[in-house]
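See below for the structure under consideration.
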Amino acid sequence: MARDTITGGPAVSLDTVTPRSAGSTLRTVVRVGAPPRSRVLLGTVLGSATAVCTVALLACSGALIDKAALRPPLYTLTVLMAAVQLLALGRGPLRYGERLVSHDAALGALGRVRMWLYDQVEPRSPAGLANCRTGDLLARATSDVDLLQDLYLRGISPVIVAGVTSLVAVVAVVVVLPVAGLVLAAGLTGAGALMSVVAWTRQHRLGATEEALRGELAADVVELLRAAPDLVALGRDGDYLEQTLASDAALTRLACRRSWTEGAMSAISVVFTGATVVALLAVAIPAVGIHRLPGYMLAVLPLVALGAFEVVAPLADAVSRLTHHVEAARRLLEIADIPLPVTDPADPAPTPVDTDVSLQNADLRYGPDHPRALDGLTLSLPAGRRVALVGPSGAGKSSVVNVLLRFWALEDGEAAIGGTSLDQLSQETTRGLIGWVAQDTHLFNTTIGANIALARPSADEAEIAGAARAAQLGPWIDSLPRGLDTPVGEQGAQLSGGQRQRLALARALLARAPVLVLDEPTSGLDRPTAQRLVHDVLTATTGISLLYITHRTGEVANFDKVIVVDNGKVIGDIDPKASCPVCRCGIWPDHTHGCGAPSMSSPDPSGRASRA
Amino acid sequence: MSADGGRRGLIDPRLARRVALTRRYLAVAVAVGSGATVCLVAQAILLGFVIEHVLLDHASLTSVVPQIIGLGGAFVLRAACSWAGEWAAHHTSAQVTSTLRRQLIARAVALGPSWLATERTGELTSAATQGVEALDTFFARYLPTAVLAGLTPVLLLVFILRTDWPSFIILAATVSVIPLFMVLLGLEAKQNATHQWARLSELSATFYDVIQGLPTLRAFGRARAGRRTLERANEEFRATTMSTLRVAFLSSLALEVLASVGTALVALFLGLRLLDGTVHLGMALAVLILAPEVYLPLRRAGAEFHASAAGQAAAGRILDILDDGEPAAADRPAPDTDGTRRPPEVAASPIWFRRVEFRYPGRSVPVLDGVDLTIDPGEHLAITGESGSGKSTLLWLMLGFVRPSHGTLTVGGVDLRDLSLRDWRQQVAWVPQLPYLVRGTMADNLLLGHPGAGDRALTRSIELSGLAGLVERLPRGVDTLVGEGGVTLSAGERQRIALGRAILRDAPLVFLDEPTAHLDADREASLRDALTPWLEDRTVVVAAHRRGLVGRVDHTVTLVGGQLVDVAPTGWPETRSLVVRP
């Protein structure tokens with residue numbers, strides 16, 4: 001069943017994902033982050049009430065002044081005066097409440113979107129994401145999630161508030177003078193629609209280009225600065241500077257062109273306000289003349305219009321923000337579209353007692369149009385034995401890790417532990433049996449102790465210290481003033497390469513898995529450090545099955561068996577105790593390393609792949 | 001706050017000095033803002049006039065048509081002002097950010113690779129991209145509102161003072177209290193906001209850390225625990241944020257209350273005085289219409305305040321880099337200012353180090369300390385030493401990336417300082433430890449140092465640098481995209497591309513920096529065989545800590561503590577040996 005996800009699923013490439021419409025993208029993200037309905041409702045009600053208050057305050061003040069100008073007795077004005085005071089005092093607290101509620105909802109949504117993203121990334125990590133520029137994708141996803149916190153506050157909420165307030169204002173005016181209500185409705189809808197359309201098309205016409213140019217320029221800048229030594233040495237810095245400046249010029253031209261539309265957006269709202277006010281006067285003045293409209297309402301109508309347009313004006317901004325949100329949401333949903341590389345069986349088999357690990361004719365590829373990373377590979381790791389897997393980079397060594405740790409499923413063949421196929425075990429069971437030291441160990445930004453304890457949170461202090469000692473970290477940790485409580489810094493920045501790998505080893509030892517897979521633990525270490533690490537690994541792991549992956553052949557002398565892989569298959573094994581009698585300088589069967597000795601195993605130095 | 005921001009200077013004076021455009025923009029913004037305010041006043045007066053005449057004098061629509069047309073005209077003019085203002089803001093923003101970005105990049109490139117490598121590429125990159133973006137927000141969003149906040153209330157208050165002084169007193173009193181409230185509440189809010197911002201970045205960093213570490217978490221069956229950690233962090237962040245916001249929003253509550261109470265008071269007092277007949281209806285309506293407009297710019301500026309802080313900070317950072325880049329200290333690595341002399345032929349000129357010392361600025365221990373060395377034409381020299389012993393620095397000195405702090409470095413008797421570095425580097429092929437692949441195809445990258453080379457030269461460089469197998473495996477051969485956004489290549493493969501670049505350059509002087517750090521033994525050996533004939537007639541300097549690509553080595557020198565301690569005939573540590581059993 002896990003196999004189906006690979007053969008049946010689409011390619012693990014972002015380019016093949018079908019584009020979604022803006023509406024469905026937004027709907028999905030809104031659903032993902034949806035705060036409790038009561039919160040949204042409360043926020044909207046408070047926001048609209050604030051806006052209605054603003055308009056009503058203007059309207060009542062206008063009515064008050066108009067009425068007062070007719071010199072009626074004071075008592076006829078008391079209701080209006082009270083209303084003005086009440087609205088004036090009420091607006092602030094309403095607004096305060098609205099901001100608190102909407103920010104709370106936005107933060108809640110942010111958290112939910114973040115957890116959703118975690119749930120999407122988790123089952124696909126790391127092999128499922130390997131093809132899509134992981135670092136870039138994840139960094140972008142993190143900032144996209146941060147961007148989405150504005151979705152409610154500055155995207156959706158202003159649109160709803162503008163709609164509700166316009167509706168209330170129009171209804172109120174219709175009650176007073178239906179024609180005027182129609183005029184106001186036409187003005188508000190016209191302005192809102194026009195601004196939205198301009199903002200939306202602007203974003204679609206210029207926005208995409210601008211976004212692309214912006215990305216281009218950022219990439220150019222990064223490249224120019226990072227590649228500076230190479231470029232200067234090759235005499236090409238001038239060309240690349242030119243190119244960067246040209247990208248900058250293109251972006252600036254576009255931004256200048258866009259500034260016209262930005263201006264137009266703000267002009268639209270003012271022109272529509274003016275037109276509506278003038279039209280309202282044109283219908284209201286005759287209505288006053290025929291006593292269809294009380295005179296004091298004459299000031300109220302234009303003031304309501306002025307107030308209502310104040311609420312509609314931010315629509316332009318909200319719409320252009322929404323377009324950004326759609327882009328961010330679309331990028332996030334792309335992650336969810338990547339097929340799951342491995343799924344758990346419906347009815348997992350029990351944990352096997354035996355821990356012999358074997359791969360039988362294993363085929364693996366990372367996508368339909370990718371070459372085979374494993375091509376009929378067969379190997380076995382009997383319990384308690386130590387096997388080294390050597391081969392050049394790209395030989396398929398890390399794919400073996402991906403299979404054993406269930407990060408990726410086989411296309412064909414079988415991977416098994418204790419006679420049970422890994423397909424039939426839950427991923428958790430498999431990973432409980434097989435420990436891992438990665439090539440580039442991730443250290444979390446916490447203490448040394450916590451990084452080790454991660455493997456088994458129930459471990460006590462003594463067990464953690466024991467694991468650290470077994471990994472030969474003891475003297476170093478003792479030399480630290482805070483010992484195991486010393487922070488490792490962001491991504492373990494404060495540790496040397498050797499210390500990092502030993503910490504990873506301590507972590508793996510603490511997990512007490514019966515099988516341990518070490519994936520190039522010495523890459524990036526200098527030779528003496530690497531030799532010491534290998535020695536310490538062998539000392540610390542007595543009794544544990546060990547699969548040691550490396551391209552450094554000098555490290556495998558003390559293993560029970562050394563298997564050489566290339567192009568996804570086993571091409572032979574080496575007796576680690578013997579050595580080349582002629583040159584004492586290399587291990588490869590074909591002696592292409594230039595020692596001058598005749599080939600020991602194969603007369604054909606180029607046919608390595610055919611020699612399985 | 002924005003009002004007193006105006007007094008202190010809206011724009012960093014250093015920024016104004018560098019970008020003359022900003023001053024011109026301020027002038028335009030003030031002009032346009034004044035125009036819009038005048039239109040606003042005209043609107044209010046005309047609207048008041050029309051209503052007064054219809055209500056009190058029972059005027060018909062036709063008799064007030066001119067005023068209504070005037071009213072429409074005022075709106076149109078205001079729309080034009082608003083258009084111009086927005087246009088100017090965005091236009092300026094585009095120009096200013098472009099200017100700064102150009103200055104920044106040009107400066108960084110002029111300061112040269114040593115500055116870039118040793119100082120802070122990351123910071124520089126983020127300043128040139130995100131920093132400049134933040135500045136865009138500052139210019140396009142905050143600055144226009146800030147200018148209006150300083151301008152419009154003052155102009156409106158002047159008009160209201162001349163029209164109706166009691167209303168002026170109410171408005172002036174409330175408006176002048178606003179900055180006071182802002183300072184009192186804003187100080188705390190700002191502090192909280194900074195705190196909160198830090199906490200948000202922390203949360204984002206935690207999120208990124210957990211996501212990056214997911215393989216590890218999964219391998220140890222801790223993915224669910226990671227989720228719980230994140231969930232808790234989210235919830236804590238929400239709770240603390242809300243408690244700060246409860247206080248922070250008080251300042252905006254105060255602003256809202258003052259604005260609406262001010263407007264209401266103006267309305268009530270006007271109403272009472274209208275009953276007495278001490279004011280005219282038209283003027284009263286005009287003042288009432290303008291009252292909320294006095295507060296509006298301040299409220300807008302308050303809403304954009306966060307953009308101001310981010311923009312100011314970004315501007316500061318960029319200006320710091322621009323100003324700090326000046327090579328003040330004498331011992332600073334040299335900026336790439338070229339001499340003018342044409343370099344002598346490398347093939348006939350020895351390179352001499354005479355008592356060369358080099359130290360990075362601010363470091364007390366020199367990297368190189370009194371190095372004497374002669375590299376004869378055609379010689380193959382190996383430099384060994386621990387990592388960090390100064391091998392790469394030695395190569396950088398010869399590349400002209402850095403200059404000796406003391407002592408001289410000459411080529412054929414000419415000091416490297418006096419040479420045109422561009423011409424000098426034409427004769428050098430350098431394979432760095434961590435070469436950078438530019439965006440483009442494999443061929444683009446190989447041809448980087450010699451864009452005009454033909455297909456045959458390209459094929460030959462691919463063969464010599466051991467890339468043939470890789471090219472065969474790539475889906476589109478040499479036309480496959482590599483580098484950022486392309487196929488991911490291993491460190492070894494990148495280094496072989498750099499080797500291919502060097503081969504294509506066909507330069508008489510070859511510098512190899514740890515050329516086999518990322519290669520496995522067999523590849524190293526086959527590369528050595530292929531390269532030996534190519535290297536034969538060239539001057540070769542290889543920095544490495546073991547036998548690498550260079551077959552013939554005439555001399556080996558070792559760097560310890562910045563000094564050459566040993567000049568000896570070749571002697572490399574050999575690799576361990578094993579035999580394959582077929």
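Just so we're on the same page: first chain in the structure tokens is A, next is B, and so on; residues restart at 1 for each chain, and ligands are numbered from 1 in the order they show up.
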
Next on the checklist: I want to know what sits within 7 Å of Thr480 (chain B), based on only C-alpha atoms, with residues of the same chain fewer than 3 positions away left out; could you give that as a PyMOL selection string?
Outcome noted: chain B and resi 441-442+474-477

Item to check | Ser60 (chain B) environment, 8 Å, only C-alpha atoms, sequence neighbours closer than 6 positions dropped, as a PyMOL selection string | outcome: (chain A and resi 285-286+289) or (chain B and resi 54)

Only N, CA and C atoms, please: the residues just picked out, written as a short mmCIF file (atom, residue, chain, number, x, y, z; two decimals), in the first residue's frame.
data_model
loop_
_atom_site.label_atom_id
_atom_site.label_comp_id
_atom_site.auth_asym_id
_atom_site.auth_seq_id
_atom_site.Cartn_x
_atom_site.Cartn_y
_atom_site.Cartn_z
N ILE A 285 -32.51 68.51 -2.02
CA ILE A 285 -32.97 69.91 -1.99
C ILE A 285 -34.40 70.04 -2.53
N PRO A 286 -34.70 69.44 -3.72
CA PRO A 286 -36.11 69.50 -4.16
C PRO A 286 -37.05 68.82 -3.17
N GLY A 289 -37.95 71.13 -0.62
CA GLY A 289 -38.86 72.14 -1.18
C GLY A 289 -40.31 71.68 -1.16
N VAL B 54 -30.69 76.70 1.62
CA VAL B 54 -31.89 75.92 1.37
C VAL B 54 -32.77 75.89 2.62
#

Checklist entry - Suppose you want the space between CA of Arg512 (chain A) and CA of Ala453 (chain A); what is it in Å? => result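 We find that CA of Arg512 (chain A) and CA of Ala453 (chain A) lie 11.8 Å from each other.
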
Item to check | Selection near Gly400 (chain B), 8 Å with only C-alpha atoms, sequence-local residues under 3 positions removed, as number ranges by chain | outcome: B: 336, 396-397, 403, 416, 421

Item to check | Selection near Phe168 (chain B), 8 Å with only C-alpha atoms, sequence-local residues under 5 positions removed, as a ChimeraX atom specification | outcome: /B:157,160-161

Those residues you just picked out, can you put them in a file as a PDB file, in the first residue's frame with C-alpha atoms?
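The resulting file, again-v4.pdb, is reproduced below:
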ATOM      1  CA  LEU B 157      -7.097  74.702  13.140  1.00  0.00           C
ATOM      2  CA  ILE B 160     -11.340  77.187  12.502  1.00  0.00           C
ATOM      3  CA  LEU B 161      -9.677  79.793  14.731  1.00  0.00           C
TER       4      LEU B 161
END

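For the pair CA of Ala530 (chain A) and CA of Ala388 (chain A), the interatomic distance is 15.0 Å.
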
Checklist entry - Which residues, written as an MDAnalysis selection string, have at least one atom at most 12 Å from Leu100 (chain A), with only C-alpha atoms counted and residues fewer than 2 positions away on the same chain left out? => result (chainID A and resid 39:40 42:44 46:47 93:98 102:107 153) or (chainID B and resid 238:239 241:250 252:253)

Keeping only N, CA and C atoms, write those residues as a compact mmCIF listing (two decimals), in the first residue's frame.
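Output saved as part24.txt:
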# COMPACT_ATOMS: atom_id res chain seq x y z
N ARG A 39 -16.23 33.98 17.94
CA ARG A 39 -15.20 35.01 17.93
C ARG A 39 -15.31 35.90 16.70
N VAL A 40 -15.43 35.22 15.56
CA VAL A 40 -15.50 35.96 14.30
C VAL A 40 -16.72 36.86 14.30
N LEU A 42 -18.41 38.02 16.89
CA LEU A 42 -18.26 39.11 17.86
C LEU A 42 -17.37 40.21 17.26
N GLY A 43 -16.26 39.79 16.65
CA GLY A 43 -15.34 40.75 16.06
C GLY A 43 -16.03 41.57 14.99
N THR A 44 -16.77 40.88 14.13
CA THR A 44 -17.45 41.58 13.04
C THR A 44 -18.50 42.54 13.59
N LEU A 46 -18.65 43.95 16.57
CA LEU A 46 -18.02 45.10 17.22
C LEU A 46 -17.44 46.06 16.18
N GLY A 47 -16.76 45.49 15.17
CA GLY A 47 -16.14 46.33 14.14
C GLY A 47 -17.19 47.14 13.40
N PRO A 93 -14.66 52.61 23.28
CA PRO A 93 -14.68 51.26 23.86
C PRO A 93 -15.05 50.18 22.84
N LEU A 94 -15.99 50.50 21.94
CA LEU A 94 -16.36 49.52 20.92
C LEU A 94 -15.14 49.14 20.08
N ARG A 95 -14.42 50.17 19.68
CA ARG A 95 -13.25 49.96 18.84
C ARG A 95 -12.20 49.14 19.61
N TYR A 96 -12.03 49.49 20.89
CA TYR A 96 -11.06 48.78 21.73
C TYR A 96 -11.41 47.30 21.79
N GLY A 97 -12.71 47.04 22.07
CA GLY A 97 -13.15 45.64 22.14
C GLY A 97 -12.95 44.92 20.82
N GLU A 98 -13.27 45.61 19.74
CA GLU A 98 -13.15 44.99 18.42
C GLU A 98 -11.70 44.61 18.14
N SER A 102 -10.51 40.83 17.53
CA SER A 102 -10.02 40.43 16.21
C SER A 102 -8.55 40.01 16.28
N HIS A 103 -7.77 40.66 17.14
CA HIS A 103 -6.37 40.24 17.26
C HIS A 103 -6.28 38.85 17.88
N ASP A 104 -7.13 38.61 18.85
CA ASP A 104 -7.14 37.28 19.48
C ASP A 104 -7.48 36.22 18.43
N ALA A 105 -8.49 36.53 17.62
CA ALA A 105 -8.87 35.57 16.57
C ALA A 105 -7.73 35.38 15.58
N ALA A 106 -7.06 36.48 15.23
CA ALA A 106 -5.97 36.39 14.25
C ALA A 106 -4.82 35.55 14.79
N LEU A 107 -4.50 35.76 16.08
CA LEU A 107 -3.40 34.99 16.66
C LEU A 107 -3.77 33.51 16.74
N LEU A 153 -7.25 40.38 10.10
CA LEU A 153 -7.19 41.76 10.58
C LEU A 153 -7.31 42.76 9.46
N ARG B 238 0.18 33.57 22.14
CA ARG B 238 -1.11 34.24 22.02
C ARG B 238 -1.50 34.90 23.33
N ALA B 239 -1.32 34.15 24.42
CA ALA B 239 -1.72 34.68 25.73
C ALA B 239 -0.90 35.92 26.09
N THR B 241 0.79 37.86 24.12
CA THR B 241 0.53 38.94 23.18
C THR B 241 -0.75 39.66 23.56
N MET B 242 -1.78 38.88 23.88
CA MET B 242 -3.05 39.52 24.21
C MET B 242 -2.91 40.38 25.44
N SER B 243 -2.13 39.93 26.42
CA SER B 243 -2.02 40.75 27.63
C SER B 243 -1.27 42.04 27.35
N THR B 244 -0.30 42.00 26.42
CA THR B 244 0.36 43.26 26.07
C THR B 244 -0.56 44.14 25.24
N LEU B 245 -1.31 43.50 24.36
CA LEU B 245 -2.18 44.30 23.49
C LEU B 245 -3.24 45.03 24.30
N ARG B 246 -3.71 44.39 25.37
CA ARG B 246 -4.73 45.03 26.20
C ARG B 246 -4.24 46.40 26.66
N VAL B 247 -2.94 46.49 26.97
CA VAL B 247 -2.38 47.77 27.38
C VAL B 247 -2.08 48.64 26.16
N ALA B 248 -1.49 48.00 25.15
CA ALA B 248 -1.05 48.77 23.98
C ALA B 248 -2.22 49.46 23.31
N PHE B 249 -3.37 48.79 23.26
CA PHE B 249 -4.52 49.37 22.58
C PHE B 249 -5.15 50.52 23.35
N LEU B 250 -4.75 50.67 24.63
CA LEU B 250 -5.29 51.79 25.40
C LEU B 250 -4.96 53.12 24.74
N SER B 252 -4.70 53.74 21.59
CA SER B 252 -5.60 54.02 20.47
C SER B 252 -7.01 54.26 21.00
N LEU B 253 -7.34 53.62 22.13
CA LEU B 253 -8.64 53.91 22.75
C LEU B 253 -8.71 55.38 23.12

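Distance annotation: of A:Ala218, A:Thr25, A:Arg37, A:Trp260, the residue with the minimal separation from Trp83 (chain B) is A:Trp260; atom set is only C-alpha atoms.
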
Next on the checklist: Applying 9 Å and only C-alpha atoms, which residues near His53 (chain B) remain after dropping the ones on its own chain fewer than 6 positions away? List them as JSON, numbers by chain.
Outcome noted: {"B": [59, 60, 64, 282]}

Item to check | Test item, strand (DSSP E) assignment across region 258-447 of chain B, answer as a PyMOL selection string | outcome: chain B and resi 351-358+368-375+380-384+406-411+414-415+428-431+440-441

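The coordinates place CA of Thr441 (chain A) at 11.7 Å from CA of Ala219 (chain B).
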
Next on the checklist: According to DSSP computed on the backbone, where in region 238-465 of chain B is there alpha helix (DSSP H)? Give the residues as a ChimeraX atom specification.
Outcome noted: /B:238-276,281-303,305-324,391-399,421-426,442-446,455-464

Next on the checklist: Restricting the calculation to only C-alpha atoms: of A:Ser523, A:Thr54, A:Ser166, A:Ser545, which residue gets closest to Val387 (chain A)?
Outcome noted: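 Ranking A:Ser523, A:Thr54, A:Ser166, A:Ser545 by distance to Val387 (chain A), first place goes to A:Ser545.
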
Checklist entry - Given the choices A:Gln85, A:Thr420, A:Ser157, A:Gln149, which gets closest to chain B if the distance is worked out from only C-alpha atoms? => result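 Among A:Gln85, A:Thr420, A:Ser157, A:Gln149, it is A:Gln85 that comes nearest to chain B.
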
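For the choices A:Val312, A:Ser398, A:Val84, A:Thr343, the atom-to-atom distance to Gly62 (chain A) is smallest for A:Val84 when using only C-alpha atoms.
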
Item to check | A:Leu245, A:Ala186, A:Ala208, A:Val113 ranked by distance to chain B, top pick (using only C-alpha atoms) | outcome: A:Leu245

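Here the question is which of A:Leu184, A:Gly274, A:Arg114, A:Val353 gets nearest to Gln43 (chain B) using only C-alpha atoms, and that residue is A:Gly274.
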